[in-house]
>>> print(open('data_34.cif').read())   # mmCIF, C-alpha atoms
data_data
loop_
_atom_site.group_PDB
_atom_site.id
_atom_site.type_symbol
_atom_site.label_atom_id
_atom_site.label_comp_id
_atom_site.auth_asym_id
_atom_site.auth_seq_id
_atom_site.Cartn_x
_atom_site.Cartn_y
_atom_site.Cartn_z
ATOM 1 C CA MET A 296 116.860 84.741 84.760
ATOM 2 C CA SER A 297 114.642 82.355 82.802
ATOM 3 C CA ALA A 298 111.407 83.550 81.250
ATOM 4 C CA ASP A 299 109.621 80.496 82.668
ATOM 5 C CA PHE A 300 110.663 81.407 86.217
ATOM 6 C CA LEU A 301 109.562 85.036 85.769
ATOM 7 C CA GLN A 302 106.207 83.901 84.343
ATOM 8 C CA TRP A 303 105.738 81.502 87.257
ATOM 9 C CA LEU A 304 106.718 84.206 89.754
ATOM 10 C CA GLN A 305 104.195 86.759 88.511
ATOM 11 C CA GLY A 306 101.522 84.073 88.330
ATOM 12 C CA THR A 307 101.762 83.154 92.026
ATOM 13 C CA ARG A 308 98.774 84.047 94.197
ATOM 14 C CA LEU A 309 100.843 86.581 96.137
ATOM 15 C CA ALA A 310 102.027 88.330 92.967
ATOM 16 C CA VAL A 311 98.496 88.474 91.543
ATOM 17 C CA ALA A 312 97.127 89.854 94.829
ATOM 18 C CA ILE A 313 99.790 92.589 94.819
ATOM 19 C CA ALA A 314 99.155 93.462 91.168
ATOM 20 C CA GLU A 315 95.381 93.612 91.600
ATOM 21 C CA VAL A 316 94.935 95.014 95.115
ATOM 22 C CA TRP A 317 98.021 95.857 97.172
ATOM 23 C CA PHE A 318 100.346 97.599 94.715
ATOM 24 C CA PRO A 319 99.632 101.218 95.836
ATOM 25 C CA LEU A 320 100.205 100.321 99.497
ATOM 26 C CA VAL A 321 103.389 98.328 98.775
ATOM 27 C CA GLU A 322 104.719 101.109 96.536
ATOM 28 C CA SER A 323 103.999 103.759 99.197
ATOM 29 C CA LEU A 324 105.872 101.677 101.777
ATOM 30 C CA HIS A 325 108.737 101.324 99.281
ATOM 31 C CA VAL A 326 108.940 105.111 98.825
ATOM 32 C CA LEU A 327 108.793 105.633 102.614
ATOM 33 C CA THR A 328 111.575 103.131 103.333
ATOM 34 C CA MET A 329 113.707 104.404 100.447
ATOM 35 C CA ALA A 330 113.300 107.951 101.788
ATOM 36 C CA CYS A 331 114.578 106.734 105.156
ATOM 37 C CA VAL A 332 117.493 104.868 103.534
ATOM 38 C CA ALA A 333 118.585 107.717 101.263
ATOM 39 C CA GLY A 334 117.929 110.473 103.807
ATOM 40 C CA THR A 335 119.979 108.878 106.588
ATOM 41 C CA ILE A 336 122.752 108.020 104.105
ATOM 42 C CA PHE A 337 122.809 111.658 102.931
ATOM 43 C CA ILE A 338 123.358 112.837 106.534
ATOM 44 C CA VAL A 339 126.249 110.390 107.048
ATOM 45 C CA ASP A 340 127.712 111.109 103.593
ATOM 46 C CA THR A 341 127.619 114.895 103.967
ATOM 47 C CA ARG A 342 129.559 114.427 107.264
ATOM 48 C CA LEU A 343 132.009 112.255 105.351
ATOM 49 C CA VAL A 344 132.403 114.893 102.662
ATOM 50 C CA GLY A 345 132.956 117.464 105.415
ATOM 51 C CA LEU A 346 129.872 119.595 104.800
ATOM 52 C CA THR A 347 127.719 118.889 107.877
ATOM 53 C CA SER A 348 127.826 117.609 111.490
ATOM 54 C CA ARG A 349 131.526 118.518 111.707
ATOM 55 C CA LYS A 350 131.407 118.784 115.507
ATOM 56 C CA LEU A 351 130.199 115.187 115.840
ATOM 57 C CA ALA A 352 132.568 112.216 115.584
ATOM 58 C CA PHE A 353 131.989 110.320 112.344
ATOM 59 C CA THR A 354 131.777 106.977 114.163
ATOM 60 C CA TYR A 355 129.167 108.366 116.576
ATOM 61 C CA LEU A 356 127.015 109.640 113.717
ATOM 62 C CA SER A 357 127.305 106.463 111.677
ATOM 63 C CA ASP A 358 126.731 104.190 114.699
ATOM 64 C CA ARG A 359 123.522 106.073 115.537
ATOM 65 C CA LEU A 360 122.144 106.436 112.010
ATOM 66 C CA LEU A 361 123.209 103.344 110.081
ATOM 67 C CA PRO A 362 120.947 100.958 112.076
ATOM 68 C CA TRP A 363 118.003 103.040 110.760
ATOM 69 C CA THR A 364 119.493 102.854 107.264
ATOM 70 C CA TRP A 365 119.885 99.067 107.382
ATOM 71 C CA GLY A 366 116.455 98.513 108.950
ATOM 72 C CA ALA A 367 114.789 100.648 106.283
ATOM 73 C CA PHE A 368 116.899 99.006 103.572
ATOM 74 C CA GLY A 369 115.681 95.559 104.684
ATOM 75 C CA CYS A 370 112.053 96.749 104.450
ATOM 76 C CA SER A 371 112.849 98.327 101.086
ATOM 77 C CA VAL A 372 114.195 95.044 99.734
ATOM 78 C CA VAL A 373 111.010 93.253 100.857
ATOM 79 C CA THR A 374 108.666 95.846 99.321
ATOM 80 C CA GLY A 375 110.818 96.064 96.176
ATOM 81 C CA THR A 376 110.731 92.282 95.777
ATOM 82 C CA LEU A 377 106.949 92.263 96.182
ATOM 83 C CA MET A 378 106.647 94.976 93.511
ATOM 84 C CA PHE A 379 108.979 93.030 91.204
ATOM 85 C CA MET A 380 106.886 89.867 91.639
ATOM 86 C CA SER A 381 103.733 91.689 90.542
ATOM 87 C CA ASN A 382 105.167 92.200 87.040
ATOM 88 C CA ALA A 383 108.404 90.200 86.935
ATOM 89 C CA THR A 384 108.697 89.980 83.125
ATOM 90 C CA GLY A 385 108.019 93.698 82.722
ATOM 91 C CA TYR A 386 110.528 94.814 85.374
ATOM 92 C CA TYR A 387 113.200 92.362 84.222
ATOM 93 C CA ALA A 388 113.056 93.760 80.685
ATOM 94 C CA ASN A 389 112.960 97.371 81.872
ATOM 95 C CA THR A 390 116.200 99.305 81.288
ATOM 96 C CA ALA A 391 115.556 101.780 84.128
ATOM 97 C CA PHE A 392 115.056 98.862 86.538
ATOM 98 C CA ARG A 393 118.345 97.288 85.432
ATOM 99 C CA VAL A 394 120.213 100.583 85.817
ATOM 100 C CA LYS A 395 118.710 101.008 89.304
ATOM 101 C CA MET A 396 119.916 97.526 90.286
ATOM 102 C CA LEU A 397 123.385 98.306 88.870
ATOM 103 C CA LEU A 398 123.550 101.563 90.850
ATOM 104 C CA LEU A 399 122.477 99.706 94.009
ATOM 105 C CA LEU A 400 125.286 97.221 93.412
ATOM 106 C CA LEU A 401 127.796 100.037 92.900
ATOM 107 C CA ALA A 402 126.561 101.796 96.067
ATOM 108 C CA GLY A 403 127.060 98.503 97.950
ATOM 109 C CA LEU A 404 130.582 98.039 96.531
ATOM 110 C CA ASN A 405 131.439 101.651 97.407
ATOM 111 C CA MET A 406 130.281 101.042 100.977
ATOM 112 C CA LEU A 407 132.168 97.732 101.149
ATOM 113 C CA TYR A 408 135.420 99.342 99.972
ATOM 114 C CA PHE A 409 134.947 102.209 102.423
ATOM 115 C CA GLN A 410 134.289 99.864 105.358
ATOM 116 C CA THR A 411 137.145 97.465 104.603
ATOM 117 C CA VAL A 412 139.837 99.947 103.494
ATOM 118 C CA THR A 413 139.212 103.641 104.221
ATOM 119 C CA PHE A 414 137.360 103.164 107.521
ATOM 120 C CA ARG A 415 140.313 101.276 109.069
ATOM 121 C CA GLY A 416 142.102 104.564 109.699
ATOM 122 C CA VAL A 417 139.029 106.324 111.115
ATOM 123 C CA SER A 418 140.668 106.984 114.497
ATOM 124 C CA ARG A 419 142.962 109.512 112.761
ATOM 125 C CA TRP A 420 140.099 111.598 111.328
ATOM 126 C CA ASP A 421 137.036 110.719 113.437
ATOM 127 C CA LEU A 422 136.741 114.256 114.820
ATOM 128 C CA SER A 423 138.364 116.154 111.976
ATOM 129 C CA ARG A 424 138.054 116.470 108.214
ATOM 130 C CA PRO A 425 138.049 113.012 106.582
ATOM 131 C CA PRO A 426 140.798 112.136 104.063
ATOM 132 C CA VAL A 427 140.297 112.447 100.317
ATOM 133 C CA ALA A 428 139.396 108.761 99.911
ATOM 134 C CA ALA A 429 136.620 109.067 102.501
ATOM 135 C CA ARG A 430 135.321 112.303 100.991
ATOM 136 C CA LEU A 431 135.276 110.704 97.555
ATOM 137 C CA ALA A 432 133.390 107.692 98.959
ATOM 138 C CA GLY A 433 130.809 110.058 100.484
ATOM 139 C CA ALA A 434 130.388 112.056 97.270
ATOM 140 C CA ALA A 435 130.106 108.870 95.193
ATOM 141 C CA SER A 436 127.519 107.496 97.603
ATOM 142 C CA ILE A 437 125.376 110.666 97.369
ATOM 143 C CA CYS A 438 125.490 110.534 93.553
ATOM 144 C CA LEU A 439 124.723 106.806 93.437
ATOM 145 C CA TRP A 440 121.716 107.090 95.767
ATOM 146 C CA CYS A 441 120.362 110.072 93.806
ATOM 147 C CA GLY A 442 120.694 107.811 90.763
ATOM 148 C CA VAL A 443 118.885 104.981 92.536
ATOM 149 C CA ILE A 444 115.991 107.346 93.330
ATOM 150 C CA GLY A 445 115.995 108.844 89.837
ATOM 151 C CA PHE A 446 115.997 105.558 87.950
ATOM 152 C CA GLY A 447 113.570 104.101 90.477
ATOM 153 C CA ARG A 448 111.132 106.863 89.581
ATOM 154 C CA TRP A 449 111.912 106.430 85.881
ATOM 155 C CA ILE A 450 110.713 102.814 86.086
ATOM 156 C CA GLY A 451 107.201 104.147 86.666
ATOM 157 C CA PHE A 452 107.338 106.052 83.391
ATOM 158 C CA THR A 453 108.681 103.185 81.288
ATOM 159 C CA ASN A 454 107.296 99.960 82.775
ATOM 160 C CA ASN A 455 104.499 98.171 80.932
ATOM 161 C CA MET B 130 85.783 129.078 86.559
ATOM 162 C CA ASN B 131 85.192 125.448 87.619
ATOM 163 C CA ALA B 132 87.941 122.907 88.333
ATOM 164 C CA ARG B 133 87.755 121.343 84.869
ATOM 165 C CA ALA B 134 88.023 124.706 83.126
ATOM 166 C CA PHE B 135 90.937 125.649 85.410
ATOM 167 C CA ASN B 136 92.676 122.348 84.555
ATOM 168 C CA ASP B 137 92.223 123.011 80.844
ATOM 169 C CA TRP B 138 93.514 126.571 81.156
ATOM 170 C CA LEU B 139 96.528 125.560 83.287
ATOM 171 C CA SER B 140 97.535 122.706 80.991
ATOM 172 C CA SER B 141 97.328 125.035 77.982
ATOM 173 C CA THR B 142 99.783 127.592 79.446
ATOM 174 C CA ALA B 143 103.212 127.908 77.847
ATOM 175 C CA LEU B 144 105.031 126.550 80.921
ATOM 176 C CA SER B 145 102.758 123.520 81.126
ATOM 177 C CA GLN B 146 103.228 122.821 77.404
ATOM 178 C CA VAL B 147 107.028 123.017 77.736
ATOM 179 C CA LEU B 148 106.989 120.623 80.692
ATOM 180 C CA GLN B 149 104.647 118.211 78.905
ATOM 181 C CA ASP B 150 106.629 118.255 75.658
ATOM 182 C CA THR B 151 110.140 118.019 77.139
ATOM 183 C CA HIS B 152 111.201 114.386 77.374
ATOM 184 C CA GLY B 153 112.081 113.490 80.961
ATOM 185 C CA ALA B 154 111.061 116.866 82.429
ATOM 186 C CA ILE B 155 108.294 115.511 84.668
ATOM 187 C CA ALA B 156 110.413 112.513 85.752
ATOM 188 C CA GLY B 157 113.373 114.822 86.472
ATOM 189 C CA ILE B 158 111.249 117.160 88.571
ATOM 190 C CA GLN B 159 109.786 114.175 90.446
ATOM 191 C CA MET B 160 113.302 112.908 91.118
ATOM 192 C CA VAL B 161 114.323 116.233 92.724
ATOM 193 C CA HIS B 162 110.997 116.188 94.634
ATOM 194 C CA ILE B 163 111.726 112.720 96.061
ATOM 195 C CA VAL B 164 115.391 113.494 96.918
ATOM 196 C CA CYS B 165 114.216 116.595 98.848
ATOM 197 C CA LEU B 166 111.516 114.537 100.573
ATOM 198 C CA ALA B 167 114.061 111.862 101.555
ATOM 199 C CA THR B 168 116.430 114.489 102.992
ATOM 200 C CA LEU B 169 113.615 116.236 104.849
ATOM 201 C CA PHE B 170 112.352 112.898 106.197
ATOM 202 C CA ALA B 171 115.788 112.020 107.629
ATOM 203 C CA LEU B 172 116.201 115.492 109.184
ATOM 204 C CA ALA B 173 112.709 115.252 110.713
ATOM 205 C CA LEU B 174 113.428 111.743 111.984
ATOM 206 C CA ASN B 175 116.607 112.886 113.752
ATOM 207 C CA LEU B 176 114.905 115.926 115.257
ATOM 208 C CA SER B 177 111.983 113.819 116.448
ATOM 209 C CA LEU B 178 114.264 111.242 118.024
ATOM 210 C CA ARG B 179 116.293 113.987 119.713
ATOM 211 C CA LEU B 180 113.110 115.680 120.982
ATOM 212 C CA ALA B 181 112.134 112.341 122.515
ATOM 213 C CA GLY B 182 115.559 112.073 124.195
ATOM 214 C CA ARG B 183 116.913 109.480 121.726
ATOM 215 C CA GLY B 184 119.126 109.450 118.641
ATOM 216 C CA LEU B 185 122.071 111.883 118.408
ATOM 217 C CA VAL B 186 121.973 112.818 122.103
ATOM 218 C CA ALA B 187 125.646 113.927 122.120
ATOM 219 C CA GLU B 188 124.503 117.092 120.388
ATOM 220 C CA PRO B 189 122.246 119.530 122.312
ATOM 221 C CA LEU B 190 118.756 119.828 120.836
ATOM 222 C CA ALA B 191 119.201 123.578 120.323
ATOM 223 C CA SER B 192 122.366 123.020 118.288
ATOM 224 C CA MET B 193 120.786 120.244 116.224
ATOM 225 C CA ALA B 194 117.661 122.301 115.571
ATOM 226 C CA ALA B 195 119.826 125.263 114.522
ATOM 227 C CA ARG B 196 121.468 122.996 111.920
ATOM 228 C CA PHE B 197 118.513 120.857 110.825
ATOM 229 C CA VAL B 198 115.515 123.227 110.853
ATOM 230 C CA PRO B 199 117.007 125.509 108.144
ATOM 231 C CA GLY B 200 117.652 122.320 106.130
ATOM 232 C CA ILE B 201 113.976 121.382 106.539
ATOM 233 C CA TRP B 202 112.905 124.846 105.305
ATOM 234 C CA ILE B 203 115.206 124.586 102.273
ATOM 235 C CA CYS B 204 113.805 121.125 101.465
ATOM 236 C CA LEU B 205 110.251 122.443 101.928
ATOM 237 C CA ALA B 206 110.954 125.377 99.580
ATOM 238 C CA LEU B 207 112.312 123.001 96.927
ATOM 239 C CA LEU B 208 109.361 120.660 97.472
ATOM 240 C CA LEU B 209 106.985 123.586 97.001
ATOM 241 C CA LEU B 210 108.770 124.656 93.817
ATOM 242 C CA THR B 211 108.963 121.175 92.275
ATOM 243 C CA GLY B 212 105.453 120.330 93.477
ATOM 244 C CA SER B 213 104.093 123.499 91.851
ATOM 245 C CA LEU B 214 105.832 122.617 88.583
ATOM 246 C CA LEU B 215 104.295 119.126 88.719
ATOM 247 C CA ILE B 216 100.827 120.649 89.236
ATOM 248 C CA VAL B 217 101.362 122.976 86.267
ATOM 249 C CA ALA B 218 102.634 120.090 84.135
ATOM 250 C CA GLU B 219 99.770 117.729 85.003
ATOM 251 C CA PRO B 220 96.908 119.674 86.626
ATOM 252 C CA HIS B 221 94.370 116.907 85.937
ATOM 253 C CA ARG B 222 96.321 114.660 88.363
ATOM 254 C CA THR B 223 95.983 117.008 91.313
ATOM 255 C CA ILE B 224 93.345 119.745 91.177
ATOM 256 C CA THR B 225 90.395 117.406 91.789
ATOM 257 C CA ASN B 226 92.335 114.687 93.608
ATOM 258 C CA PRO B 227 91.432 113.988 97.291
ATOM 259 C CA ALA B 228 94.930 112.550 97.946
ATOM 260 C CA PHE B 229 96.448 115.871 96.863
ATOM 261 C CA TYR B 230 94.305 117.839 99.320
ATOM 262 C CA THR B 231 95.098 115.318 102.080
ATOM 263 C CA LYS B 232 98.795 115.866 101.347
ATOM 264 C CA MET B 233 98.388 119.652 101.449
ATOM 265 C CA GLY B 234 96.445 119.474 104.743
ATOM 266 C CA LEU B 235 99.138 117.295 106.319
ATOM 267 C CA LEU B 236 101.817 119.617 104.930
ATOM 268 C CA ALA B 237 100.177 122.577 106.684
ATOM 269 C CA VAL B 238 100.265 120.639 109.979
ATOM 270 C CA GLY B 239 103.906 119.659 109.280
ATOM 271 C CA ILE B 240 104.871 123.313 108.806
ATOM 272 C CA VAL B 241 103.140 124.373 112.043
ATOM 273 C CA LEU B 242 104.853 121.545 113.948
ATOM 274 C CA THR B 243 108.253 122.507 112.490
ATOM 275 C CA ILE B 244 107.783 126.075 113.749
ATOM 276 C CA ARG B 245 106.708 124.751 117.170
ATOM 277 C CA LEU B 246 109.638 122.343 117.301
ATOM 278 C CA ALA B 247 112.128 125.107 116.503
ATOM 279 C CA SER B 248 110.551 127.200 119.244
ATOM 280 C CA ILE B 249 110.870 124.375 121.799
ATOM 281 C CA ALA B 250 114.530 123.875 120.838
ATOM 282 C CA ARG B 251 115.236 127.563 121.492
ATOM 283 C CA GLY B 252 113.323 127.559 124.806
ATOM 284 C CA GLN B 253 113.825 124.649 127.197
ATOM 285 C CA PRO B 254 115.580 122.196 124.915
ATOM 286 C CA GLU B 255 116.845 119.422 127.219
ATOM 287 C CA LYS B 256 113.584 118.470 128.910
ATOM 288 C CA THR B 257 112.067 115.190 127.719
ATOM 289 C CA THR B 258 108.383 115.127 128.615
ATOM 290 C CA ALA B 259 105.459 112.968 127.539
ATOM 291 C CA PRO B 260 103.880 115.766 125.440
ATOM 292 C CA ARG B 261 107.202 116.252 123.634
ATOM 293 C CA VAL B 262 107.487 112.530 122.905
ATOM 294 C CA ALA B 263 103.895 112.624 121.613
ATOM 295 C CA MET B 264 104.738 115.639 119.463
ATOM 296 C CA ALA B 265 107.806 113.871 118.057
ATOM 297 C CA MET B 266 105.682 110.849 117.137
ATOM 298 C CA LEU B 267 102.994 113.045 115.591
ATOM 299 C CA TYR B 268 105.659 114.922 113.624
ATOM 300 C CA MET B 269 106.937 111.676 112.081
ATOM 301 C CA LEU B 270 103.411 110.395 111.424
ATOM 302 C CA ILE B 271 102.678 113.618 109.522
ATOM 303 C CA TRP B 272 105.672 113.117 107.197
ATOM 304 C CA ILE B 273 104.812 109.446 106.714
ATOM 305 C CA GLY B 274 101.263 110.521 105.854
ATOM 306 C CA ILE B 275 102.600 113.076 103.368
ATOM 307 C CA ILE B 276 104.660 110.404 101.611
ATOM 308 C CA PHE B 277 101.659 108.037 101.434
ATOM 309 C CA ALA B 278 99.252 110.744 100.247
ATOM 310 C CA GLY B 279 101.795 111.864 97.643
ATOM 311 C CA ARG B 280 102.076 108.368 96.216
ATOM 312 C CA TYR B 281 98.304 107.821 96.286
ATOM 313 C CA ILE B 282 97.840 110.887 94.061
ATOM 314 C CA ALA B 283 98.784 108.583 91.186
ATOM 315 C CA TYR B 284 96.037 106.096 92.115
ATOM 316 C CA LEU B 285 93.111 108.433 92.846
ATOM 317 C CA ILE B 286 93.091 110.437 89.605
#
>>> encode(input="data_34.cif", output="structure tokens")
Amino acid sequence: MSADFLQWLQGTRLAVAIAEVWFPLVESLHVLTMACVAGTIFIVDTRLVGLTSRKLAFTYLSDRLLPWTWGAFGCSVVTGTLMFMSNATGYYANTAFRVKMLLLLLAGLNMLYFQTVTFRGVSRWDLSRPPVAARLAGAASICLWCGVIGFGRWIGFTNN
Amino acid sequence: MNARAFNDWLSSTALSQVLQDTHGAIAGIQMVHIVCLATLFALALNLSLRLAGRGLVAEPLASMAARFVPGIWICLALLLLTGSLLIVAEPHRTITNPAFYTKMGLLAVGIVLTIRLASIARGQPEKTTAPRVAMAMLYMLIWIGIIFAGRYIAYLI
């Protein structure tokens, strides 16, 4: 990403308004939506690992919870983008921010692989213990989202 | 002892010094704090939806409450532990901070509502009434308020 673009981005009226006035509110909304994203994912993932909700069909649980996850994730992307705009050069250079983005990408790829490969045989294990591949996907997802939260918080300690 | 003297004493204790001097300790504790809050928020959201006759309706409310309420208590215990460590590590951020006391007040209401919710689930669980829907909404508003107040602690020092 070019330095000129980042400078322009953080100089826009919206970015300046966020930096000077709205940052605490936007950040609080970001934490709230991330809590909803991670929390609902944890419930689905612990079912996938075989730790919780074992009496509920996996598809039922995911169909009921994932709309909340995606809705909150959309809001999280908006609030995260607004926060990024407020100090684009600082965030872009921040290692914790880059690691968070990498972990988000890995969490997305993990979900994509699960949906396109492992999930195809869900009818065989919907009401029973998921296969190893599904349990691994769930465990990886839990770890990745803990990492997203951890590095997200670390940004606050390292961003200038 | 006034608040300032208490802050000075608390930040000079051995535990506070260790937390302040250990690289990443405060961030690590905050990370656990936020993961617990996220888990608790999702559990509370599901219970609230179920109380209002929505969400995971295939599972009886009593069964869901029996699974989720203990999870909420475990999260609350971990939040209390990590929150206490954060106060010890940085007392000047919290002891005189109005956002902190707002968060604690809301937390007290959240605990009372959790007890009430568990009691409802054990009593007449499958009845969806207007007061229960209102209670479910209030329950979620309390946790949203706790998240906001927690974040505003950093801005009202």
>>> atom_distance(input="data_34.cif", atom1="atom CA of B:Val164", atom2="atom CA of A:Ala330")
7.7 Å
>>> residues_around(input="data_34.cif", residues="B:Gly157", least_positions_apart="5", cutoff="12 Å", atoms="all atoms listed in the file", output="list in words")
Cys441, Gly442, Ile444, Gly445, Phe446, Gly447, Arg448, Trp449 and Phe452 of chain A; Leu148, Thr151, His152, His162, Ile163, Val164, Thr211, Gly212, Leu214 and Leu215 of chain B
>>> residues_around(input="data_34.cif", residues="B:Met269", least_positions_apart="5", cutoff="8 Å", atoms="all atoms listed in the file", output="ChimeraX atom specification")
/B:173-174,177
>>> resolve_selection(input="data_34.cif", expression="the PyMOL selection byres ((chain B) within 7 of (chain A))", output="ChimeraX atom specification")
/B:156,160,164,166-168,170-171,184-185,273,276-277,280-281
>>> atom_distance(input="data_34.cif", atom1="atom CA of B:Arg245", atom2="atom CA of B:Glu188")
19.6 Å
>>> resolve_selection(input="data_34.cif", expression="the PyMOL selection byres ((chain A and resi 415-424) around 9)", output="PDB file with C-alpha atoms, in the frame of the given file")
ATOM      1  CA  ARG A 342     129.559 114.427 107.264  1.00  0.00           C
ATOM      2  CA  LEU A 343     132.009 112.255 105.351  1.00  0.00           C
ATOM      3  CA  VAL A 344     132.403 114.893 102.662  1.00  0.00           C
ATOM      4  CA  GLY A 345     132.956 117.464 105.415  1.00  0.00           C
ATOM      5  CA  ARG A 349     131.526 118.518 111.707  1.00  0.00           C
ATOM      6  CA  LYS A 350     131.407 118.784 115.507  1.00  0.00           C
ATOM      7  CA  LEU A 351     130.199 115.187 115.840  1.00  0.00           C
ATOM      8  CA  ALA A 352     132.568 112.216 115.584  1.00  0.00           C
ATOM      9  CA  PHE A 353     131.989 110.320 112.344  1.00  0.00           C
ATOM     10  CA  THR A 354     131.777 106.977 114.163  1.00  0.00           C
ATOM     11  CA  TYR A 355     129.167 108.366 116.576  1.00  0.00           C
ATOM     12  CA  PHE A 409     134.947 102.209 102.423  1.00  0.00           C
ATOM     13  CA  GLN A 410     134.289  99.864 105.358  1.00  0.00           C
ATOM     14  CA  THR A 411     137.145  97.465 104.603  1.00  0.00           C
ATOM     15  CA  VAL A 412     139.837  99.947 103.494  1.00  0.00           C
ATOM     16  CA  THR A 413     139.212 103.641 104.221  1.00  0.00           C
ATOM     17  CA  PHE A 414     137.360 103.164 107.521  1.00  0.00           C
ATOM     18  CA  PRO A 425     138.049 113.012 106.582  1.00  0.00           C
ATOM     19  CA  PRO A 426     140.798 112.136 104.063  1.00  0.00           C
ATOM     20  CA  ARG A 430     135.321 112.303 100.991  1.00  0.00           C
TER      21      ARG A 430
END
>>> residues_near_point(input="data_34.cif", point="(94.2, 117.9, 95.6)", cutoff="10 Å", atoms="only C-alpha atoms", output="PyMOL selection string")
chain B and resi 216+220-234+278-279+282+285-286
>>> atom_distance(input="data_34.cif", atom1="atom CA of A:Leu439", atom2="atom CA of A:Gly366")
19.4 Å
>>> resolve_selection(input="data_34.cif", expression="the PyMOL selection byres ((chain B and resi 189) around 12)", output="VMD selection string")
(chain A and resid 350 to 351) or (chain B and resid 176 179 to 180 182 to 188 190 to 196 250 to 251 253 to 256)
>>> closest_residue(input="data_34.cif", among="A:Cys370, A:Val316, A:Ser436, A:Asp340", to="A:Leu401", atoms="all atoms listed in the file")
A:Ser436
